[in-house]
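S.K.: One structure follows; several queries about it will come next.
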Amino acid sequence: MLEGFDPNTIADEAVRQVVIYLMNVVEAQQATIEEQAEKIQRQSDEINRLKGEQGKPKIKANKSAPNLSSEKERRESQPRHKESKQAKIRIDRVEVLKVDQQRLPPDAQFKGYEEVIVQDLEIRTDNIQFRKEKYYSPRNQQTYLADLPAGYKGQFGPGVRAWVLSLYYAGGMSEPKILELLHTVGMDISAGQISDFLIQDQEPFHAESAAVVRAGLASSPWQHLDSTGTRVNGKNEHCHVLCNPFYTAYCTLASKDRLSLLRVLQGGAHPAFRLNELALTLLPHLGVAKKWCKKLTQLLPHHQDWTETQLDAWLAEHLPKLGEKRHKGLKDGLAIAAYRTQTVWPVVELLVSDDAPQFNWLTAELALCWIHEFRHYNKLIPHLPYHRQLLESFKESFWKLYRKLVAYRHHPNQEDADCLRDEFEQLFGQRSGYEQLDERKALTLAKKEALLVVLSHPEILLHNNPAELGARQRVRKRDVSRQARTREGIGAWDTFQTLVSTAKKLEVNIYQYLHDRLAQTNTLPSLAQLIQQRAQDVPLAASWGHVP
């Protein structure tokens with residue numbers, strides 16, 4: 001009976017408004033019923049679990065989930081160059097194959113060669129017995145031994161160490177599987193030794209990872225940022241993924257608040273705190289009332305950097321009644337002001353992220369991800385056919401506007417920018433009569449400036465896919481290894497995932513890179529140097545802040 005029903009066909013205005021009101025009441029009640037049913041089911045499952053029984057099994061629907069990550073759009077936006085699949089294959093040796101002369105007729109003429117490339121792999125041990133010369137000096141009572149070649153340490157050479165690192169951090173293999181593989185090819189190695197390869201004595205690689213972060217931040221005034229959960233020694237922490245087209249960096253911290261994100265933007269360094277004009281502008285937005293701002297201005301010295309310990313002690317002494325929430329807002333404001341006015345680290349001018357509140361005010365500008373915004377609408381499940389039709393029509397209009405913005409990035413101009421702003425306001429400002437949809441649209445409309453940053457900065461993306469794809473690599477690592485047991489272990493995760501992901505973006509063979517560093521040949525340029533070169537060749541901010 002409700003199929004095809006449209007309340008707009010009702011002639012009487014009063015009756016139409018009543019019907020629309022009742023339809024929205026039905027939707028609200030249906031949503032409440034479904035929410036309560038889920039809650040009751042969870043409670044029932046928990047009761048059964050406490051009784052030693054099992055709850056209701058979670059059986060997913062036999063259908064593919066909708067693609068909300070915009071990976072298709074990301075692939076389509078990249079230029080494609082058709083070339084031979086064998087063009088990039090390195091030739092290790094050439095063999096000339098001759099025709100059996102007995103097969104040839106007397107009039108056969110030589111016409112050159114037909115080339116065929118065959119790929120093969122040889123995995124074998126390369127165990128070396130070094131005979132080190134040994135001398136003894138009776139006068140000095142000292143023994144002199146020849147040194148091992150560079151890169152050889154203990155009982156294992158750089159080759160096996162580079163393979164272990166590559167298989168674990170780039171290949172996603174677990175330690176037991178790597179051990180099994182090495183035993184298969186004839187190596188005598190223990191599980192503890194593999195663990196040491198992955199974690200111990202990695203200071204040179206930690207330094208290279210830090211250099212990648214600094215070079216990546218300097219390569220562009222805009223960056224992507226996202227976070228995902230990570231367990232460290234049984235505790236929940238957060239892995240922060242910072243990236244742009246040249247690099248991807250990982251930093252695992254205990255929290256994901258603003259102070260933690262500022263640490264990420266400064267390569268893991270602890271934030272400083274500074275009272276200046278920018279801080280006084282930010283504090284009201286962070287929930288600090290004017291009276292506290294006034295007291296702070298009168299008591300706290302201006303343009304002086306404080307550590308967190310020093311600031312906490314000062315606030316406890318001079319503003320003891322500040323309150324926990326205002327205390328946090330005040331520290332956030334002073335830390336952001338110090339970050340955005342410091343000159344030690346490259347300052348990020350614009351972040352591309354989701355709409356989590358901790359990203360607000362970190363940078364001068366914030367661009368929100370359209371894919372994340374659409375997910376809010378995908379959570380709406382209307383009960384009435386008319387509302388389902390309204391929602392589907394809106395979704396089509398949403399993606400139509402999105403595609404126009406994608407096209408605008410390639411040919412930006414002021415006239416199109418003005419038209420797209422008007423279309424945005426019309427799409428999200430027009431009421432449909434479906435109350436839940438209209439409330440959601442009003443929330444999106446309030447984010448207009450953050451969602452339309454691309455109109456003034458066409459060089460940025462409309463989505464946060466690069467950071468999400470980086471976070472997905474940590475999720476895969478988490479699936480294989482579950483958690484890191486020590487701070488040293490999670491530091492190795494961050495360092496090598498940074499190097500592996502950045503090497504992939506720069507088209508560097510990660511095994512060759514690791515082997516080059518472990519063997520101490522250092523013939524390959526550092527990833528930081530490559531980032532600097534790419535940034536000069538392909539600047540990511542050639543039109544920063546300017547629309548032709």
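Each chain in the structure tokens gets a letter, A, B and so on, in the order shown; residues start at 1 in every chain, and ligands are counted from 1 in the order they appear.
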For the interface of segment 243-311 of chain A with segment 187-208 of chain A (cut-off 12 Å, counting only C-alpha atoms), please tabulate each contacting residue of segment 243-311 of chain A alongside its nearest pair of atoms and their separation in Å to one decimal, rows sorted by chain and increasing number, as CSV.
M.R.:
```
residue,atom,partner,partner_atom,distance
A:Ala249,CA,A:Glu208,CA,11.5
A:Tyr250,CA,A:His206,CA,11.7
A:Cys251,CA,A:His206,CA,11.8
A:Gly267,CA,A:Ala207,CA,11.2
A:Gly268,CA,A:His206,CA,11.8
```
S.K.: Looking only at the backbone, which of the residues in segment 236-290 of chain A does DSSP tag as strand (DSSP E), as a ChimeraX atom specification?
M.R.: /A:236-244,247-253
S.K.: Based on the selection just made, write all heavy atoms of those residues as a CSV table (one decimal), in the first residue's frame.
M.R.:
```csv
chain,number,residue,atom,x,y,z
A,236,ASN,N,45.9,-0.9,24.7
A,236,ASN,CA,45.4,-0.3,23.4
A,236,ASN,C,46.1,1.1,23.2
A,236,ASN,O,46.0,2.0,24.1
A,236,ASN,CB,43.9,-0.1,23.5
A,236,ASN,CG,43.1,-1.4,23.5
A,236,ASN,OD1,43.6,-2.4,22.9
A,236,ASN,ND2,42.0,-1.4,24.1
A,237,GLU,N,46.8,1.2,22.1
A,237,GLU,CA,47.4,2.5,21.7
A,237,GLU,C,46.9,2.8,20.3
A,237,GLU,O,46.0,2.2,19.8
A,237,GLU,CB,48.9,2.4,21.8
A,237,GLU,CG,49.4,2.2,23.2
A,237,GLU,CD,50.9,2.5,23.4
A,237,GLU,OE1,51.5,3.0,22.5
A,237,GLU,OE2,51.4,2.2,24.5
A,238,HIS,N,47.5,3.9,19.7
A,238,HIS,CA,47.0,4.4,18.4
A,238,HIS,C,48.2,4.6,17.5
A,238,HIS,O,49.2,5.3,17.9
A,238,HIS,CB,46.2,5.7,18.6
A,238,HIS,CG,45.1,5.6,19.6
A,238,HIS,ND1,43.8,5.2,19.1
A,238,HIS,CD2,45.0,5.8,20.9
A,238,HIS,CE1,43.0,5.2,20.2
A,238,HIS,NE2,43.7,5.5,21.3
A,239,CYS,N,48.1,4.0,16.3
A,239,CYS,CA,49.0,4.2,15.3
A,239,CYS,C,48.6,5.4,14.4
A,239,CYS,O,47.5,5.3,13.8
A,239,CYS,CB,49.3,3.0,14.5
A,239,CYS,SG,50.4,3.2,13.0
A,240,HIS,N,49.4,6.4,14.3
A,240,HIS,CA,49.0,7.6,13.5
A,240,HIS,C,49.8,7.5,12.1
A,240,HIS,O,51.0,7.3,12.1
A,240,HIS,CB,49.4,8.9,14.2
A,240,HIS,CG,48.8,9.0,15.6
A,240,HIS,ND1,47.4,9.3,15.8
A,240,HIS,CD2,49.3,8.7,16.8
A,240,HIS,CE1,47.2,9.3,17.0
A,240,HIS,NE2,48.3,8.9,17.7
A,241,VAL,N,49.0,7.7,11.0
A,241,VAL,CA,49.6,7.6,9.7
A,241,VAL,C,49.6,9.0,9.1
A,241,VAL,O,48.6,9.6,8.8
A,241,VAL,CB,48.8,6.6,8.8
A,241,VAL,CG1,49.4,6.4,7.5
A,241,VAL,CG2,48.7,5.3,9.5
A,242,LEU,N,50.8,9.5,8.7
A,242,LEU,CA,51.0,10.8,8.1
A,242,LEU,C,51.6,10.6,6.8
A,242,LEU,O,52.6,9.8,6.6
A,242,LEU,CB,51.9,11.6,9.0
A,242,LEU,CG,52.3,13.0,8.6
A,242,LEU,CD1,51.0,13.9,8.7
A,242,LEU,CD2,53.4,13.6,9.5
A,243,CYS,N,51.1,11.2,5.7
A,243,CYS,CA,51.6,10.9,4.4
A,243,CYS,C,51.2,12.0,3.4
A,243,CYS,O,50.3,12.9,3.7
A,243,CYS,CB,51.0,9.6,3.9
A,243,CYS,SG,49.2,9.5,3.7
A,244,ASN,N,51.9,11.9,2.3
A,244,ASN,CA,51.5,12.6,1.0
A,244,ASN,C,51.9,11.8,-0.1
A,244,ASN,O,52.4,10.6,0.1
A,244,ASN,CB,52.1,14.1,1.0
A,244,ASN,CG,53.6,14.1,0.9
A,244,ASN,OD1,54.2,13.2,0.4
A,244,ASN,ND2,54.2,15.2,1.3
A,247,TYR,N,55.6,10.0,0.5
A,247,TYR,CA,56.0,9.2,1.7
A,247,TYR,C,54.8,8.8,2.5
A,247,TYR,O,53.7,9.3,2.4
A,247,TYR,CB,57.0,9.9,2.5
A,247,TYR,CG,56.3,10.9,3.5
A,247,TYR,CD1,56.3,10.7,4.9
A,247,TYR,CD2,55.6,12.0,3.0
A,247,TYR,CE1,55.7,11.6,5.7
A,247,TYR,CE2,55.0,12.9,3.9
A,247,TYR,CZ,55.0,12.7,5.2
A,247,TYR,OH,54.4,13.5,6.1
A,248,THR,N,55.0,7.8,3.4
A,248,THR,CA,54.0,7.4,4.4
A,248,THR,C,54.8,7.1,5.7
A,248,THR,O,55.8,6.3,5.7
A,248,THR,CB,53.2,6.2,4.0
A,248,THR,OG1,52.5,6.5,2.8
A,248,THR,CG2,52.2,5.8,5.1
A,249,ALA,N,54.4,7.8,6.8
A,249,ALA,CA,55.1,7.6,8.1
A,249,ALA,C,54.2,7.1,9.1
A,249,ALA,O,53.0,7.5,9.2
A,249,ALA,CB,55.7,8.9,8.5
A,250,TYR,N,54.7,6.3,10.0
A,250,TYR,CA,53.9,5.7,11.1
A,250,TYR,C,54.5,6.1,12.4
A,250,TYR,O,55.7,6.1,12.6
A,250,TYR,CB,54.0,4.1,11.0
A,250,TYR,CG,53.3,3.6,9.8
A,250,TYR,CD1,53.9,3.6,8.5
A,250,TYR,CD2,52.0,3.1,9.8
A,250,TYR,CE1,53.3,3.1,7.4
A,250,TYR,CE2,51.4,2.5,8.7
A,250,TYR,CZ,52.1,2.6,7.5
A,250,TYR,OH,51.5,2.1,6.4
A,251,CYS,N,53.6,6.4,13.4
A,251,CYS,CA,54.0,6.8,14.7
A,251,CYS,C,52.9,6.3,15.7
A,251,CYS,O,51.8,6.7,15.7
A,251,CYS,CB,54.1,8.3,14.8
A,251,CYS,SG,54.7,8.9,16.4
A,252,THR,N,53.3,5.4,16.6
A,252,THR,CA,52.4,4.8,17.6
A,252,THR,C,52.6,5.5,18.9
A,252,THR,O,53.7,5.5,19.5
A,252,THR,CB,52.7,3.3,17.7
A,252,THR,OG1,52.5,2.7,16.4
A,252,THR,CG2,51.7,2.7,18.7
A,253,LEU,N,51.4,6.0,19.4
A,253,LEU,CA,51.4,6.7,20.7
A,253,LEU,C,50.3,6.2,21.5
A,253,LEU,O,49.3,5.6,21.0
A,253,LEU,CB,51.3,8.2,20.5
A,253,LEU,CG,52.4,8.9,19.6
A,253,LEU,CD1,52.1,10.3,19.3
A,253,LEU,CD2,53.7,8.8,20.4
```
S.K.: Measure the distance from atom CA of Leu452 of chain A to atom CA of Asp332 of chain A in Å and round it to one decimal.
M.R.: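 Computing it gives 26.1 Å between the two atoms.
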S.K.: Record the distance separating atom CA of Lys134 of chain A and atom CA of Ala146 of chain A, expressed in Å with one decimal.
M.R.: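 These atoms are spaced 6.7 Å apart.
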S.K.: Any chance you could list, as a list of chain:residue names, the residues in segment 148-190 of chain A that come up helix (DSSP H, G or I) when DSSP is run on the backbone?
M.R.: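 Written out, the helix (DSSP H, G or I) residues of segment 148-190 of chain A are A:Pro158, A:Gly159, A:Val160, A:Arg161, A:Ala162, A:Trp163, A:Val164, A:Leu165, A:Ser166, A:Leu167, A:Tyr168, A:Tyr169, A:Ala170, A:Glu175, A:Pro176, A:Lys177, A:Ile178, A:Leu179, A:Glu180, A:Leu181, A:Leu182, A:His183, A:Thr184.
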S.K.: Give me the residues within 12 Å of Thr281 of chain A as a list in words, counting only C-alpha atoms and dropping any in the same chain fewer than 6 places off.
M.R.: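 So the residues in contact are Leu275, Gly287, Val288, Ala289, Lys290, Cys293, Leu330, Gly333, Leu334, Ile336, Ala337 and Trp361 of chain A.
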S.K.: Write to file, as a PDB file, in the first residue's frame, the residues of the selection just made, with N, CA, C and O atoms.
M.R.:
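selection-v6.pdb written:
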```pdb
ATOM      1  N   LEU A 275      52.573  31.051  24.865  1.00  0.00           N
ATOM      2  CA  LEU A 275      51.490  32.035  24.865  1.00  0.00           C
ATOM      3  C   LEU A 275      51.862  33.175  23.920  1.00  0.00           C
ATOM      4  O   LEU A 275      52.866  33.848  24.119  1.00  0.00           O
ATOM      5  N   GLY A 287      37.294  26.046  24.180  1.00  0.00           N
ATOM      6  CA  GLY A 287      36.506  25.963  25.401  1.00  0.00           C
ATOM      7  C   GLY A 287      37.066  26.691  26.593  1.00  0.00           C
ATOM      8  O   GLY A 287      36.652  26.419  27.732  1.00  0.00           O
ATOM      9  N   VAL A 288      38.017  27.606  26.392  1.00  0.00           N
ATOM     10  CA  VAL A 288      38.591  28.373  27.508  1.00  0.00           C
ATOM     11  C   VAL A 288      37.898  29.727  27.562  1.00  0.00           C
ATOM     12  O   VAL A 288      37.949  30.501  26.600  1.00  0.00           O
ATOM     13  N   ALA A 289      37.221  30.022  28.677  1.00  0.00           N
ATOM     14  CA  ALA A 289      36.442  31.265  28.811  1.00  0.00           C
ATOM     15  C   ALA A 289      37.360  32.485  28.834  1.00  0.00           C
ATOM     16  O   ALA A 289      38.555  32.401  29.120  1.00  0.00           O
ATOM     17  N   LYS A 290      36.745  33.656  28.577  1.00  0.00           N
ATOM     18  CA  LYS A 290      37.515  34.902  28.491  1.00  0.00           C
ATOM     19  C   LYS A 290      38.215  35.233  29.803  1.00  0.00           C
ATOM     20  O   LYS A 290      39.331  35.753  29.818  1.00  0.00           O
ATOM     21  N   CYS A 293      41.367  33.361  29.975  1.00  0.00           N
ATOM     22  CA  CYS A 293      42.314  33.918  29.008  1.00  0.00           C
ATOM     23  C   CYS A 293      42.941  35.205  29.552  1.00  0.00           C
ATOM     24  O   CYS A 293      44.145  35.452  29.389  1.00  0.00           O
ATOM     25  N   LEU A 330      43.309  24.643  27.366  1.00  0.00           N
ATOM     26  CA  LEU A 330      44.363  25.646  27.467  1.00  0.00           C
ATOM     27  C   LEU A 330      45.695  25.073  26.977  1.00  0.00           C
ATOM     28  O   LEU A 330      46.423  25.729  26.205  1.00  0.00           O
ATOM     29  N   GLY A 333      45.663  24.769  23.170  1.00  0.00           N
ATOM     30  CA  GLY A 333      45.827  26.051  22.497  1.00  0.00           C
ATOM     31  C   GLY A 333      47.263  26.539  22.524  1.00  0.00           C
ATOM     32  O   GLY A 333      47.795  27.017  21.510  1.00  0.00           O
ATOM     33  N   LEU A 334      47.918  26.420  23.673  1.00  0.00           N
ATOM     34  CA  LEU A 334      49.307  26.869  23.776  1.00  0.00           C
ATOM     35  C   LEU A 334      50.239  25.984  22.946  1.00  0.00           C
ATOM     36  O   LEU A 334      51.212  26.473  22.355  1.00  0.00           O
ATOM     37  N   ILE A 336      49.385  24.228  20.179  1.00  0.00           N
ATOM     38  CA  ILE A 336      49.157  24.511  18.757  1.00  0.00           C
ATOM     39  C   ILE A 336      49.825  25.825  18.360  1.00  0.00           C
ATOM     40  O   ILE A 336      50.448  25.925  17.290  1.00  0.00           O
ATOM     41  N   ALA A 337      49.701  26.834  19.217  1.00  0.00           N
ATOM     42  CA  ALA A 337      50.334  28.128  18.928  1.00  0.00           C
ATOM     43  C   ALA A 337      51.849  27.980  18.830  1.00  0.00           C
ATOM     44  O   ALA A 337      52.487  28.583  17.947  1.00  0.00           O
ATOM     45  N   TRP A 361      41.703  22.811  14.376  1.00  0.00           N
ATOM     46  CA  TRP A 361      42.601  23.892  14.800  1.00  0.00           C
ATOM     47  C   TRP A 361      44.074  23.512  14.820  1.00  0.00           C
ATOM     48  O   TRP A 361      44.917  24.355  15.131  1.00  0.00           O
TER      49      TRP A 361
END
```
S.K.: Using atom CA of Ser526 of chain A and atom CA of Glu507 of chain A as the two end points, give the distance in Å to one decimal.
M.R.: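 Distance reported for this atom pair: 12.8 Å.
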S.K.: Tell me, as a PyMOL selection string, which residues lie within 9 Å of segment 304-306 of chain A, counting only C-alpha atoms; anything in the same chain fewer than 4 positions away does not count.
M.R.: chain A and resi 272-276+300+310-311+338
S.K.: Could those residues be written to a file, using N, CA, C and O atoms, as a PDB file, in the first residue's frame?
M.R.:
```
ATOM      1  N   ALA A 272      56.012  21.774  22.531  1.00  0.00           N
ATOM      2  CA  ALA A 272      56.287  22.899  23.426  1.00  0.00           C
ATOM      3  C   ALA A 272      54.997  23.697  23.595  1.00  0.00           C
ATOM      4  O   ALA A 272      54.023  23.501  22.857  1.00  0.00           O
ATOM      5  N   PHE A 273      54.978  24.609  24.569  1.00  0.00           N
ATOM      6  CA  PHE A 273      53.791  25.410  24.869  1.00  0.00           C
ATOM      7  C   PHE A 273      54.203  26.877  24.896  1.00  0.00           C
ATOM      8  O   PHE A 273      55.195  27.233  25.539  1.00  0.00           O
ATOM      9  N   ARG A 274      53.414  27.707  24.193  1.00  0.00           N
ATOM     10  CA  ARG A 274      53.792  29.115  24.062  1.00  0.00           C
ATOM     11  C   ARG A 274      52.540  29.986  24.067  1.00  0.00           C
ATOM     12  O   ARG A 274      51.576  29.712  23.346  1.00  0.00           O
ATOM     13  N   LEU A 275      52.573  31.051  24.865  1.00  0.00           N
ATOM     14  CA  LEU A 275      51.490  32.035  24.865  1.00  0.00           C
ATOM     15  C   LEU A 275      51.862  33.175  23.920  1.00  0.00           C
ATOM     16  O   LEU A 275      52.866  33.848  24.119  1.00  0.00           O
ATOM     17  N   ASN A 276      51.043  33.369  22.894  1.00  0.00           N
ATOM     18  CA  ASN A 276      51.230  34.464  21.949  1.00  0.00           C
ATOM     19  C   ASN A 276      49.868  34.862  21.388  1.00  0.00           C
ATOM     20  O   ASN A 276      48.820  34.379  21.858  1.00  0.00           O
ATOM     21  N   LEU A 300      51.026  34.580  32.826  1.00  0.00           N
ATOM     22  CA  LEU A 300      51.992  33.747  32.107  1.00  0.00           C
ATOM     23  C   LEU A 300      52.839  34.598  31.160  1.00  0.00           C
ATOM     24  O   LEU A 300      52.300  35.351  30.352  1.00  0.00           O
ATOM     25  N   GLN A 310      56.642  21.639  33.044  1.00  0.00           N
ATOM     26  CA  GLN A 310      56.734  23.004  33.573  1.00  0.00           C
ATOM     27  C   GLN A 310      55.376  23.702  33.548  1.00  0.00           C
ATOM     28  O   GLN A 310      54.995  24.376  34.518  1.00  0.00           O
ATOM     29  N   LEU A 311      54.651  23.539  32.442  1.00  0.00           N
ATOM     30  CA  LEU A 311      53.348  24.202  32.332  1.00  0.00           C
ATOM     31  C   LEU A 311      52.357  23.633  33.334  1.00  0.00           C
ATOM     32  O   LEU A 311      51.587  24.393  33.961  1.00  0.00           O
ATOM     33  N   ALA A 338      52.433  27.172  19.710  1.00  0.00           N
ATOM     34  CA  ALA A 338      53.884  26.965  19.661  1.00  0.00           C
ATOM     35  C   ALA A 338      54.277  26.238  18.385  1.00  0.00           C
ATOM     36  O   ALA A 338      55.275  26.583  17.735  1.00  0.00           O
TER      37      ALA A 338
END
```
S.K.: May I ask which of the residues A:Arg474, A:Gly159, A:Ala364, A:Leu443 is the closest one to Leu518 of chain A, counting only C-alpha atoms?
M.R.: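 Smallest separation from Leu518 of chain A among the options: A:Gly159.
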S.K.: Lys400 of chain A: which residues within 12 Å, counting only C-alpha atoms, same-chain residues fewer than 4 positions away excluded, as number ranges by chain?
M.R.: A: 393-396, 404-407, 420, 423-424, 427
S.K.: Could the residues in this selection be written to a file with C-alpha atoms, as a JSON list (two decimals), in the first residue's frame?
M.R.:
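The result, written out as part-v4.json:
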```
[["chain", "number", "residue", "atom", "x", "y", "z"],
["A", 393, "SER", "CA", 17.89, 10.35, -5.05],
["A", 394, "PHE", "CA", 20.04, 12.36, -2.64],
["A", 395, "LYS", "CA", 22.91, 9.84, -2.88],
["A", 396, "GLU", "CA", 22.91, 10.15, -6.66],
["A", 404, "LYS", "CA", 32.14, 17.63, -10.62],
["A", 405, "LEU", "CA", 34.60, 18.55, -7.89],
["A", 406, "VAL", "CA", 37.01, 15.86, -9.13],
["A", 407, "ALA", "CA", 36.78, 17.32, -12.64],
["A", 420, "LEU", "CA", 30.00, 24.51, -7.24],
["A", 423, "GLU", "CA", 25.29, 23.72, -5.95],
["A", 424, "PHE", "CA", 26.66, 22.55, -2.58],
["A", 427, "LEU", "CA", 22.00, 20.17, -2.32]]
```
